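Next up, upload-v6.cif (mmCIF, C-alpha atoms and all ligand atoms):
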```cif
data_run
#
loop_
_atom_site.label_atom_id
_atom_site.label_comp_id
_atom_site.auth_asym_id
_atom_site.auth_seq_id
_atom_site.Cartn_x
_atom_site.Cartn_y
_atom_site.Cartn_z
CA MET A 22 -90.08 11.56 -81.20
CA GLN A 23 -92.93 11.50 -83.67
CA GLU A 24 -95.55 8.81 -83.95
CA PHE A 25 -94.99 6.50 -86.90
CA VAL A 26 -97.09 7.49 -89.91
CA PRO A 27 -97.64 4.83 -92.57
CA PRO A 28 -96.21 5.87 -95.94
CA LYS A 29 -98.66 7.46 -98.36
CA GLY A 30 -99.37 5.73 -101.64
CA PRO A 31 -100.02 7.47 -104.97
CA LYS A 32 -102.54 10.32 -104.86
CA GLY A 33 -102.20 10.59 -101.13
CA VAL A 34 -104.02 7.32 -100.45
CA GLU A 35 -102.83 5.66 -97.27
CA VAL A 36 -101.08 2.39 -97.92
CA GLU A 37 -102.53 -0.60 -96.07
CA PRO A 38 -100.05 -1.79 -93.44
CA ASP A 39 -97.91 -4.56 -94.89
CA PRO A 40 -99.11 -7.75 -93.16
CA ASN A 41 -95.56 -9.13 -93.40
CA LEU A 42 -94.18 -6.32 -91.31
CA CYS A 43 -94.20 -6.34 -87.55
CA PRO A 44 -97.38 -4.51 -86.38
CA GLU A 45 -95.49 -3.09 -83.41
CA CYS A 46 -92.65 -1.34 -85.23
CA HIS A 47 -93.76 -1.60 -88.89
CA GLY A 48 -90.46 -3.22 -89.78
CA ARG A 49 -88.22 -0.50 -88.36
CA GLY A 50 -86.83 -2.75 -85.64
CA TRP A 51 -87.46 -0.26 -82.85
CA ARG A 52 -90.48 1.48 -81.40
CA VAL A 53 -91.19 4.40 -79.17
CA VAL A 54 -92.24 3.73 -75.62
CA ALA A 55 -93.83 6.29 -73.36
CA ASP A 56 -91.46 7.68 -70.73
CA GLY A 57 -93.48 10.64 -69.56
CA GLY A 58 -91.74 12.90 -72.06
CA ALA A 59 -91.20 12.62 -75.79
CA GLY A 60 -90.87 8.86 -75.49
CA SER A 61 -87.76 6.81 -76.02
CA ALA A 62 -86.74 4.35 -78.72
CA THR A 63 -86.48 0.73 -77.73
CA ARG A 64 -85.55 -2.41 -79.63
CA CYS A 65 -88.70 -4.17 -80.76
CA ASP A 66 -89.36 -7.75 -79.63
CA CYS A 67 -89.58 -8.81 -83.28
CA GLN A 68 -85.84 -8.15 -83.56
CA LYS A 69 -85.14 -10.76 -80.95
CA ARG A 70 -87.36 -13.18 -82.87
CA GLU A 71 -85.53 -12.30 -86.08
CA ARG A 72 -82.23 -12.96 -84.38
CA GLY A 73 -83.50 -16.40 -83.38
CA LYS A 74 -84.41 -17.12 -87.00
CA GLU A 75 -81.09 -15.83 -88.26
CA TYR A 76 -79.17 -17.93 -85.74
CA LEU A 77 -81.26 -20.95 -86.67
CA ALA A 78 -80.29 -20.54 -90.32
CA GLN A 79 -76.63 -20.43 -89.27
CA THR A 80 -76.67 -23.67 -87.29
CA GLY A 81 -75.85 -25.82 -90.30
CA ILE A 82 -78.57 -28.37 -89.48
CA PRO A 83 -78.90 -30.60 -92.58
CA GLU A 84 -81.99 -30.02 -94.69
CA ARG A 85 -83.70 -33.27 -93.73
CA TYR A 86 -83.49 -32.45 -90.01
CA ARG A 87 -84.24 -28.73 -90.24
CA ARG A 88 -87.91 -29.08 -89.38
CA CYS A 89 -87.35 -31.58 -86.58
CA ARG A 90 -88.88 -30.44 -83.31
CA LEU A 91 -89.55 -32.29 -80.08
CA SER A 92 -93.27 -32.16 -80.85
CA THR A 93 -92.70 -34.11 -84.09
CA PHE A 94 -90.62 -36.86 -82.47
CA LYS A 95 -92.54 -40.15 -82.64
CA THR A 96 -92.30 -42.35 -79.57
CA THR A 97 -94.78 -44.97 -80.73
CA ASN A 98 -93.30 -46.17 -84.00
CA SER A 99 -91.90 -49.42 -82.64
CA ALA A 100 -93.90 -52.59 -82.13
CA ASN A 101 -91.77 -53.25 -79.07
CA PRO A 102 -93.34 -51.51 -76.02
CA HIS A 103 -89.96 -51.40 -74.27
CA VAL A 104 -88.47 -49.44 -77.16
CA CYS A 105 -91.43 -47.03 -77.09
CA GLU A 106 -90.93 -46.59 -73.36
CA GLN A 107 -87.27 -45.79 -73.93
CA LEU A 108 -88.08 -43.32 -76.71
CA LYS A 109 -90.59 -41.59 -74.44
CA ARG A 110 -87.96 -41.29 -71.74
CA ALA A 111 -85.41 -39.86 -74.20
CA HIS A 112 -88.04 -37.36 -75.36
CA THR A 113 -88.81 -36.31 -71.76
CA ILE A 114 -85.12 -35.78 -70.98
CA SER A 115 -84.69 -33.75 -74.18
CA GLN A 116 -87.70 -31.57 -73.38
CA ARG A 117 -86.40 -30.96 -69.88
CA TYR A 118 -83.01 -30.08 -71.35
CA VAL A 119 -84.58 -27.37 -73.51
CA ASP A 120 -86.76 -26.08 -70.66
CA ARG A 121 -83.82 -25.84 -68.29
CA PHE A 122 -81.13 -24.73 -70.71
CA PHE A 123 -80.87 -21.52 -68.75
CA ASP A 124 -79.85 -22.35 -65.21
CA SER A 125 -81.66 -19.68 -63.23
CA LYS A 126 -79.82 -20.52 -60.02
CA GLU A 127 -76.40 -20.08 -61.60
CA GLN A 128 -77.66 -17.35 -63.93
CA ARG A 129 -75.91 -18.93 -66.88
CA PHE A 130 -76.58 -21.41 -69.67
CA ARG A 131 -76.05 -24.98 -68.69
CA GLU A 132 -72.71 -26.59 -69.39
CA ALA A 133 -73.69 -30.26 -69.44
CA GLY A 134 -74.78 -31.81 -72.70
CA LEU A 135 -76.48 -35.03 -73.76
CA LEU A 136 -75.10 -38.25 -75.21
CA LEU A 137 -77.80 -39.87 -77.34
CA ILE A 138 -77.01 -43.55 -77.79
CA GLY A 139 -78.78 -45.95 -80.09
CA PRO A 140 -78.73 -47.88 -83.34
CA PRO A 141 -79.18 -46.15 -86.71
CA GLY A 142 -82.71 -45.05 -87.53
CA VAL A 143 -84.01 -44.81 -83.99
CA GLY A 144 -84.21 -40.99 -83.97
CA LYS A 145 -81.04 -39.75 -82.27
CA THR A 146 -80.30 -37.12 -84.89
CA HIS A 147 -83.94 -36.00 -84.91
CA LEU A 148 -83.80 -35.42 -81.15
CA ALA A 149 -80.42 -33.69 -81.29
CA ALA A 150 -81.50 -31.38 -84.13
CA ALA A 151 -84.80 -30.65 -82.37
CA VAL A 152 -83.10 -29.73 -79.09
CA LEU A 153 -80.62 -27.50 -80.92
CA SER A 154 -83.35 -25.72 -82.92
CA GLU A 155 -85.54 -25.17 -79.90
CA VAL A 156 -82.70 -23.89 -77.72
CA VAL A 157 -81.54 -21.49 -80.47
CA GLU A 158 -85.09 -20.26 -81.04
CA ARG A 159 -85.95 -19.88 -77.39
CA TYR A 160 -82.71 -18.53 -75.92
CA LYS A 161 -81.24 -16.80 -79.02
CA VAL A 162 -77.91 -18.51 -78.62
CA ARG A 163 -75.45 -19.40 -81.34
CA GLY A 164 -75.73 -23.10 -82.07
CA LYS A 165 -73.93 -25.40 -84.45
CA PHE A 166 -74.72 -28.81 -85.93
CA VAL A 167 -71.77 -30.86 -87.12
CA ASP A 168 -71.61 -34.31 -88.65
CA PHE A 169 -68.26 -35.44 -87.33
CA THR A 170 -67.30 -37.42 -90.45
CA ALA A 171 -68.16 -34.48 -92.73
CA LEU A 172 -66.16 -32.19 -90.46
CA LEU A 173 -63.08 -34.39 -90.76
CA HIS A 174 -63.37 -34.34 -94.55
CA GLN A 175 -63.71 -30.57 -94.44
CA ILE A 176 -60.58 -30.22 -92.31
CA GLN A 177 -58.70 -32.64 -94.57
CA SER A 178 -59.56 -30.52 -97.59
CA THR A 179 -57.70 -27.59 -95.99
CA PHE A 180 -54.47 -29.58 -96.27
CA ASP A 181 -54.74 -29.03 -100.02
CA ASN A 182 -52.51 -26.09 -100.99
CA SER A 183 -55.23 -24.55 -103.15
CA SER A 184 -57.65 -24.43 -100.24
CA THR A 185 -58.68 -20.96 -99.14
CA GLN A 186 -59.97 -22.20 -95.79
CA SER A 187 -57.79 -22.90 -92.80
CA LYS A 188 -58.32 -25.56 -90.17
CA ALA A 189 -58.80 -22.80 -87.60
CA SER A 190 -61.52 -21.08 -89.64
CA ILE A 191 -63.46 -24.35 -89.68
CA LEU A 192 -62.92 -25.23 -86.03
CA THR A 193 -63.43 -21.81 -84.43
CA PRO A 194 -67.24 -21.60 -84.89
CA ILE A 195 -67.49 -25.18 -83.64
CA VAL A 196 -65.52 -24.73 -80.44
CA ASP A 197 -67.18 -21.33 -79.86
CA ALA A 198 -70.82 -22.39 -80.34
CA GLU A 199 -73.00 -21.87 -77.28
CA LEU A 200 -74.58 -25.25 -78.04
CA LEU A 201 -72.99 -27.82 -80.35
CA VAL A 202 -74.41 -31.01 -81.81
CA LEU A 203 -71.69 -33.50 -82.73
CA ASP A 204 -73.44 -36.14 -84.78
CA GLU A 205 -72.16 -39.69 -85.32
CA LEU A 206 -69.43 -39.90 -82.75
CA GLY A 207 -67.26 -42.99 -83.28
CA ALA A 208 -68.41 -43.60 -86.86
CA GLN A 209 -64.94 -42.71 -88.10
CA LYS A 210 -61.85 -44.87 -88.35
CA PRO A 211 -60.16 -44.07 -85.03
CA THR A 212 -56.80 -42.89 -86.33
CA GLU A 213 -54.57 -40.75 -84.16
CA TRP A 214 -55.43 -37.70 -86.21
CA VAL A 215 -59.17 -38.29 -85.73
CA ARG A 216 -58.69 -38.73 -81.98
CA ASP A 217 -56.55 -35.58 -81.76
CA THR A 218 -59.15 -33.53 -83.62
CA LEU A 219 -61.95 -34.81 -81.41
CA TYR A 220 -59.87 -34.19 -78.32
CA LEU A 221 -59.22 -30.61 -79.40
CA ILE A 222 -62.94 -29.93 -79.87
CA MET A 223 -64.07 -31.68 -76.70
CA ASN A 224 -61.34 -30.33 -74.49
CA THR A 225 -61.76 -26.74 -75.66
CA ARG A 226 -65.49 -26.90 -75.07
CA TYR A 227 -65.00 -28.60 -71.72
CA THR A 228 -62.61 -25.94 -70.44
CA ARG A 229 -64.92 -23.19 -71.72
CA ARG A 230 -67.89 -24.91 -70.03
CA LEU A 231 -69.87 -25.01 -73.27
CA PRO A 232 -72.48 -27.78 -73.72
CA THR A 233 -72.36 -30.40 -76.46
CA ILE A 234 -74.98 -32.92 -77.60
CA PHE A 235 -73.38 -36.06 -78.99
CA THR A 236 -75.05 -38.86 -80.92
CA THR A 237 -73.49 -42.26 -81.37
CA ASN A 238 -74.31 -45.75 -82.63
CA TYR A 239 -71.79 -47.11 -80.16
CA ARG A 240 -72.60 -48.22 -76.64
CA LEU A 241 -70.91 -47.07 -73.49
CA GLU A 242 -70.49 -50.45 -71.86
CA SER A 243 -71.04 -54.10 -72.54
CA PRO A 244 -74.65 -55.11 -71.81
CA THR A 245 -73.54 -58.45 -70.35
CA PRO A 246 -70.24 -59.27 -68.65
CA PRO A 247 -68.17 -61.89 -70.50
CA LYS A 248 -68.75 -65.41 -69.18
CA PRO A 249 -65.67 -66.88 -67.50
CA GLY A 250 -63.66 -69.13 -69.79
CA MET A 251 -65.59 -67.99 -72.85
CA GLY A 252 -63.40 -66.63 -75.62
CA GLY A 253 -60.97 -64.85 -73.28
CA ASP A 254 -58.70 -63.40 -75.95
CA ARG A 255 -61.30 -63.17 -78.65
CA VAL A 256 -63.05 -59.82 -79.03
CA ARG A 257 -66.73 -60.60 -78.76
CA LYS A 258 -68.96 -59.41 -81.54
CA GLU A 259 -70.96 -57.03 -79.36
CA ASP A 260 -67.78 -55.52 -77.89
CA GLN A 261 -67.01 -54.14 -81.33
CA ALA A 262 -70.02 -51.90 -80.86
CA LEU A 263 -68.54 -50.27 -77.76
CA LEU A 264 -67.56 -46.61 -77.88
CA SER A 265 -64.36 -47.48 -76.01
CA THR A 266 -63.15 -49.35 -79.11
CA ARG A 267 -63.44 -46.09 -81.07
CA LEU A 268 -62.30 -43.45 -78.57
CA SER A 269 -59.42 -43.30 -76.13
CA ASP A 270 -60.16 -43.92 -72.43
CA LEU A 271 -59.44 -40.25 -71.78
CA LEU A 272 -62.12 -39.17 -74.26
CA VAL A 273 -64.66 -41.68 -72.94
CA SER A 274 -64.22 -40.42 -69.39
CA ARG A 275 -64.36 -36.81 -70.57
CA LEU A 276 -67.59 -37.69 -72.37
CA TYR A 277 -69.08 -38.87 -69.08
CA GLU A 278 -68.17 -35.53 -67.51
CA MET A 279 -69.57 -33.50 -70.39
CA ALA A 280 -72.84 -35.23 -71.19
CA GLN A 281 -75.72 -37.15 -69.68
CA PRO A 282 -76.09 -40.52 -71.43
CA VAL A 283 -79.56 -41.08 -72.91
CA LYS A 284 -80.19 -44.54 -74.34
CA LEU A 285 -82.64 -44.90 -77.16
CA THR A 286 -82.53 -48.67 -76.94
CA ILE A 287 -82.97 -51.18 -74.13
CA ASN A 288 -80.47 -53.95 -74.71
CA SER A 289 -78.65 -55.85 -77.40
CA ALA A 290 -81.80 -57.76 -78.34
CA ASP A 291 -83.35 -54.47 -79.46
CA TRP A 292 -80.35 -53.74 -81.64
CA ASP A 293 -80.90 -56.98 -83.46
CA TYR A 294 -84.59 -56.23 -83.52
CA ARG A 295 -83.96 -52.89 -85.20
CA ARG A 296 -81.58 -54.44 -87.65
CA GLU A 297 -84.17 -57.07 -88.53
CA VAL A 298 -86.81 -54.41 -89.03
CA LYS A 299 -84.45 -52.46 -91.27
CA MET A 300 -83.53 -55.52 -93.29
CA PHE A 301 -87.15 -56.47 -93.56
CA GLN A 302 -88.13 -52.99 -94.72
CA HIS A 303 -85.28 -53.09 -97.19
CA ARG A 304 -86.51 -56.39 -98.59
CA ILE A 305 -90.08 -55.26 -99.01
CA GLY A 306 -88.78 -52.02 -100.43
CA SER A 307 -90.55 -49.58 -98.12
ZN ZN B 1 -91.18 -5.06 -84.50
#
```
Would you mind giving the structure from this file in structure tokens?
Ligand SMILES: [Zn+2]
Amino acid sequence: MQEFVPPKGPKGVEVEPDPNLCPECHGRGWRVVADGGAGSATRCDCQKRERGKEYLAQTGIPERYRRCRLSTFKTTNSANPHVCEQLKRAHTISQRYVDRFFDSKEQRFREAGLLLIGPPGVGKTHLAAAVLSEVVERYKVRGKFVDFTALLHQIQSTFDNSSTQSKASILTPIVDAELLVLDELGAQKPTEWVRDTLYLIMNTRYTRRLPTIFTTNYRLESPTPPKPGMGGDRVRKEDQALLSTRLSDLLVSRLYEMAQPVKLTINSADWDYRREVKMFQHRIGS
């Protein structure tokens, strides 16, 4: 095989190499490596990088989270040191997740996901989008980001006779993704149809051993046990924020099997704290 010769410009002047093209293969996607003979063609490393970029564009990460990376996640933006501590811990777990996404012992990608739990605005979606982007970039896997509420609307629109999309065409890339982010779990009205759809996604991914990163505003368990004799039949206000009020017991236990819970908040006091901060910011218009 012949050595690559840069194309000649007008009047036989050699064209400067295009700085946008890969210097190794000059944009051809393959290069010749010495093999003691005429050399053999091999796929250039830039192609793997390109594939990472292409896969990243296909993840469906919303515009505002597209540039989120673990390095841009702020762990010091709360006045409460306990919250900062918790954010740091969540960041460490996320970084470790990316670093160990390929299980070298098992020689396969990991099957466990993460369950990022915390109130709105604390950075769950930033972390989830960052982990997804970094895994896709580093391991060249097919990843998908899905806002669960938007997904339900999308599926509902297929019930319309004029729709050209089918439910299967929407769900297939989601259940097939090598890493899925399911954002805002529990934010939807828990109708039977919603639960069935979620069960279908979770169960398919579970049986295929594919990892999922969930985010939710709902907590896994009550922070304090109910005091005896206190409002026995009344549903306490904080219980309404439990994930078990939004998902069936089967799905909650499946969630435990599929994902490592990562709390981005310490206790109920911090929830109120966050809410206060939000309200305050709203009032001062920042
Ligand atoms: Zn190249």
Which residue, A:Asn224, A:Thr286, A:Gln281, A:Ser274, has the smallest gap to A:Tyr239 when you use only C-alpha atoms?
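The closest residue to A:Tyr239 is A:Thr286.
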Per residue of chain A within 6 Å of ligand ZN 1 (chain B), which atom pair is closest and at what distance in Å (one decimal), using all atoms listed in the file, listed by chain and increasing number, as a Markdown table?
```
| residue | atom | partner | partner_atom | distance |
| --- | --- | --- | --- | --- |
| A:Cys43 | CA | B:ZN1 | ZN | 4.5 |
| A:Glu45 | CA | B:ZN1 | ZN | 4.9 |
| A:Cys46 | CA | B:ZN1 | ZN | 4.1 |
| A:Gly48 | CA | B:ZN1 | ZN | 5.6 |
| A:Gly50 | CA | B:ZN1 | ZN | 5.1 |
| A:Cys65 | CA | B:ZN1 | ZN | 4.6 |
| A:Asp66 | CA | B:ZN1 | ZN | 5.9 |
| A:Cys67 | CA | B:ZN1 | ZN | 4.3 |
```
How many Å separate atom CA of A:Leu135 from atom CA of A:Ile114?
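These two atoms are separated by 9.1 Å.
Note that atom CA of A:Leu268 and atom CA of A:Val104 are 26.9 Å apart.
Going from atom CA of A:Leu148 over to atom CA of A:Phe169, you cover 16.7 Å.
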Just the residues within 9 Å of A:Glu278, please, counting all atoms listed in the file, with nothing from its chain fewer than 4 positions along; format it as a list in words.
Ala133, Tyr227, Val273 and Ser274 of chain A
May I have the residues within 8 Å of stretch 170-174 of chain A as a ChimeraX atom specification, using only C-alpha atoms and disregarding those fewer than 5 positions away in the same chain?
/A:205,208-209,215
How would the residues just chosen look if you wrote them out with C-alpha atoms as a PDB file, in the frame of the given file?
```pdb
ATOM      1  CA  GLU A 205     -72.160 -39.690 -85.320  1.00  0.00           C
ATOM      2  CA  ALA A 208     -68.410 -43.600 -86.860  1.00  0.00           C
ATOM      3  CA  GLN A 209     -64.940 -42.710 -88.100  1.00  0.00           C
ATOM      4  CA  VAL A 215     -59.170 -38.290 -85.730  1.00  0.00           C
TER       5      VAL A 215
END
```
With all atoms listed in the file counted and 12 Å as the cut-off, give the residues of stretch 70-108 of chain A in contact with stretch 150-168 of chain A, each with its shortest interatomic distance in Å and the pair that gives it, as a tab-separated table.
```
residue	atom	partner	partner_atom	distance
A:Arg70	CA	A:Glu158	CA	7.7
A:Glu71	CA	A:Lys161	CA	9.4
A:Arg72	CA	A:Lys161	CA	6.7
A:Gly73	CA	A:Glu158	CA	4.8
A:Lys74	CA	A:Glu158	CA	6.8
A:Glu75	CA	A:Lys161	CA	9.3
A:Tyr76	CA	A:Arg163	CA	5.9
A:Leu77	CA	A:Val157	CA	6.2
A:Ala78	CA	A:Ser154	CA	9.5
A:Gln79	CA	A:Lys165	CA	7.4
A:Thr80	CA	A:Lys165	CA	4.3
A:Gly81	CA	A:Phe166	CA	5.4
A:Ile82	CA	A:Phe166	CA	5.3
A:Pro83	CA	A:Phe166	CA	8.1
A:Glu84	CA	A:Ala150	CA	10.7
A:Arg85	CA	A:Ala150	CA	10.0
A:Tyr86	CA	A:Ala150	CA	6.3
A:Arg87	CA	A:Ala150	CA	7.2
A:Arg88	CA	A:Ala151	CA	7.8
A:Cys89	CA	A:Ala151	CA	5.0
A:Arg90	CA	A:Ala151	CA	4.2
A:Leu91	CA	A:Ala151	CA	5.5
A:Ser92	CA	A:Ala151	CA	8.7
A:Thr93	CA	A:Ala151	CA	8.8
A:Phe94	CA	A:Ala151	CA	8.5
```
Give me the residues within 7 Å of A:Cys105 as a JSON list (two decimals) with C-alpha atoms, in the coordinates of the input, counting only C-alpha atoms and dropping any in the same chain fewer than 6 places off.
```
[["chain", "number", "residue", "atom", "x", "y", "z"],
["A", 96, "THR", "CA", -92.30, -42.35, -79.57],
["A", 97, "THR", "CA", -94.78, -44.97, -80.73],
["A", 99, "SER", "CA", -91.90, -49.42, -82.64]]
```
Once 3 Å is added on each side, what are the centre and the three edge lengths, in Å to one decimal, of the axis-aligned box enclosing the listed atoms of stretch 78-81 of chain A? Present them as AutoDock Vina command-line options.
```
--center_x -78.1 --center_y -23.1 --center_z -88.8 --size_x 10.4 --size_y 11.4 --size_z 9.0
```
Mind rebuilding stretch 202-225 of chain A with N, CA and C atoms and writing that out as a PDB file, keeping the file's coordinate frame?
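Below you can see selection-v3.pdb, which holds the result:
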```
ATOM      1  N   VAL A 202     -74.033 -29.615 -81.603  1.00  0.00           N
ATOM      2  CA  VAL A 202     -74.410 -31.010 -81.810  1.00  0.00           C
ATOM      3  C   VAL A 202     -73.286 -31.668 -82.600  1.00  0.00           C
ATOM      4  N   LEU A 203     -72.730 -32.725 -82.033  1.00  0.00           N
ATOM      5  CA  LEU A 203     -71.690 -33.500 -82.730  1.00  0.00           C
ATOM      6  C   LEU A 203     -72.317 -34.843 -83.073  1.00  0.00           C
ATOM      7  N   ASP A 204     -72.686 -34.964 -84.344  1.00  0.00           N
ATOM      8  CA  ASP A 204     -73.440 -36.140 -84.780  1.00  0.00           C
ATOM      9  C   ASP A 204     -72.490 -37.262 -85.199  1.00  0.00           C
ATOM     10  N   GLU A 205     -72.880 -38.480 -84.877  1.00  0.00           N
ATOM     11  CA  GLU A 205     -72.160 -39.690 -85.320  1.00  0.00           C
ATOM     12  C   GLU A 205     -70.757 -39.804 -84.736  1.00  0.00           C
ATOM     13  N   LEU A 206     -70.699 -39.720 -83.437  1.00  0.00           N
ATOM     14  CA  LEU A 206     -69.430 -39.900 -82.750  1.00  0.00           C
ATOM     15  C   LEU A 206     -69.014 -41.369 -82.839  1.00  0.00           C
ATOM     16  N   GLY A 207     -67.773 -41.616 -83.223  1.00  0.00           N
ATOM     17  CA  GLY A 207     -67.260 -42.990 -83.280  1.00  0.00           C
ATOM     18  C   GLY A 207     -67.448 -43.654 -84.624  1.00  0.00           C
ATOM     19  N   ALA A 208     -68.151 -42.983 -85.552  1.00  0.00           N
ATOM     20  CA  ALA A 208     -68.410 -43.600 -86.860  1.00  0.00           C
ATOM     21  C   ALA A 208     -67.152 -43.593 -87.734  1.00  0.00           C
ATOM     22  N   GLN A 209     -66.116 -42.883 -87.276  1.00  0.00           N
ATOM     23  CA  GLN A 209     -64.940 -42.710 -88.100  1.00  0.00           C
ATOM     24  C   GLN A 209     -63.867 -43.721 -87.708  1.00  0.00           C
ATOM     25  N   LYS A 210     -62.981 -44.001 -88.648  1.00  0.00           N
ATOM     26  CA  LYS A 210     -61.850 -44.870 -88.350  1.00  0.00           C
ATOM     27  C   LYS A 210     -61.010 -44.152 -87.291  1.00  0.00           C
ATOM     28  N   PRO A 211     -60.788 -44.802 -86.136  1.00  0.00           N
ATOM     29  CA  PRO A 211     -60.160 -44.070 -85.030  1.00  0.00           C
ATOM     30  C   PRO A 211     -58.648 -43.911 -85.186  1.00  0.00           C
ATOM     31  N   THR A 212     -58.231 -43.151 -86.173  1.00  0.00           N
ATOM     32  CA  THR A 212     -56.800 -42.890 -86.330  1.00  0.00           C
ATOM     33  C   THR A 212     -56.371 -41.862 -85.289  1.00  0.00           C
ATOM     34  N   GLU A 213     -55.074 -41.701 -85.157  1.00  0.00           N
ATOM     35  CA  GLU A 213     -54.570 -40.750 -84.160  1.00  0.00           C
ATOM     36  C   GLU A 213     -55.025 -39.338 -84.488  1.00  0.00           C
ATOM     37  N   TRP A 214     -55.027 -39.043 -85.790  1.00  0.00           N
ATOM     38  CA  TRP A 214     -55.430 -37.700 -86.210  1.00  0.00           C
ATOM     39  C   TRP A 214     -56.890 -37.429 -85.862  1.00  0.00           C
ATOM     40  N   VAL A 215     -57.746 -38.426 -86.056  1.00  0.00           N
ATOM     41  CA  VAL A 215     -59.170 -38.290 -85.730  1.00  0.00           C
ATOM     42  C   VAL A 215     -59.335 -38.066 -84.220  1.00  0.00           C
ATOM     43  N   ARG A 216     -58.609 -38.871 -83.437  1.00  0.00           N
ATOM     44  CA  ARG A 216     -58.690 -38.730 -81.980  1.00  0.00           C
ATOM     45  C   ARG A 216     -58.187 -37.368 -81.513  1.00  0.00           C
ATOM     46  N   ASP A 217     -57.097 -36.883 -82.133  1.00  0.00           N
ATOM     47  CA  ASP A 217     -56.550 -35.580 -81.760  1.00  0.00           C
ATOM     48  C   ASP A 217     -57.542 -34.458 -82.055  1.00  0.00           C
ATOM     49  N   THR A 218     -58.195 -34.566 -83.224  1.00  0.00           N
ATOM     50  CA  THR A 218     -59.150 -33.530 -83.620  1.00  0.00           C
ATOM     51  C   THR A 218     -60.336 -33.520 -82.654  1.00  0.00           C
ATOM     52  N   LEU A 219     -60.828 -34.706 -82.339  1.00  0.00           N
ATOM     53  CA  LEU A 219     -61.950 -34.810 -81.410  1.00  0.00           C
ATOM     54  C   LEU A 219     -61.553 -34.295 -80.027  1.00  0.00           C
ATOM     55  N   TYR A 220     -60.336 -34.642 -79.623  1.00  0.00           N
ATOM     56  CA  TYR A 220     -59.870 -34.190 -78.320  1.00  0.00           C
ATOM     57  C   TYR A 220     -59.810 -32.664 -78.258  1.00  0.00           C
ATOM     58  N   LEU A 221     -59.319 -32.072 -79.336  1.00  0.00           N
ATOM     59  CA  LEU A 221     -59.220 -30.610 -79.400  1.00  0.00           C
ATOM     60  C   LEU A 221     -60.601 -29.963 -79.225  1.00  0.00           C
ATOM     61  N   ILE A 222     -61.578 -30.493 -79.944  1.00  0.00           N
ATOM     62  CA  ILE A 222     -62.940 -29.930 -79.870  1.00  0.00           C
ATOM     63  C   ILE A 222     -63.511 -30.140 -78.466  1.00  0.00           C
ATOM     64  N   MET A 223     -63.450 -31.377 -77.994  1.00  0.00           N
ATOM     65  CA  MET A 223     -64.070 -31.680 -76.700  1.00  0.00           C
ATOM     66  C   MET A 223     -63.381 -30.954 -75.556  1.00  0.00           C
ATOM     67  N   ASN A 224     -62.057 -30.949 -75.592  1.00  0.00           N
ATOM     68  CA  ASN A 224     -61.340 -30.330 -74.490  1.00  0.00           C
ATOM     69  C   ASN A 224     -61.540 -28.818 -74.450  1.00  0.00           C
ATOM     70  N   THR A 225     -61.546 -28.186 -75.620  1.00  0.00           N
ATOM     71  CA  THR A 225     -61.760 -26.740 -75.660  1.00  0.00           C
ATOM     72  C   THR A 225     -63.140 -26.411 -75.102  1.00  0.00           C
TER      73      THR A 225
END
```
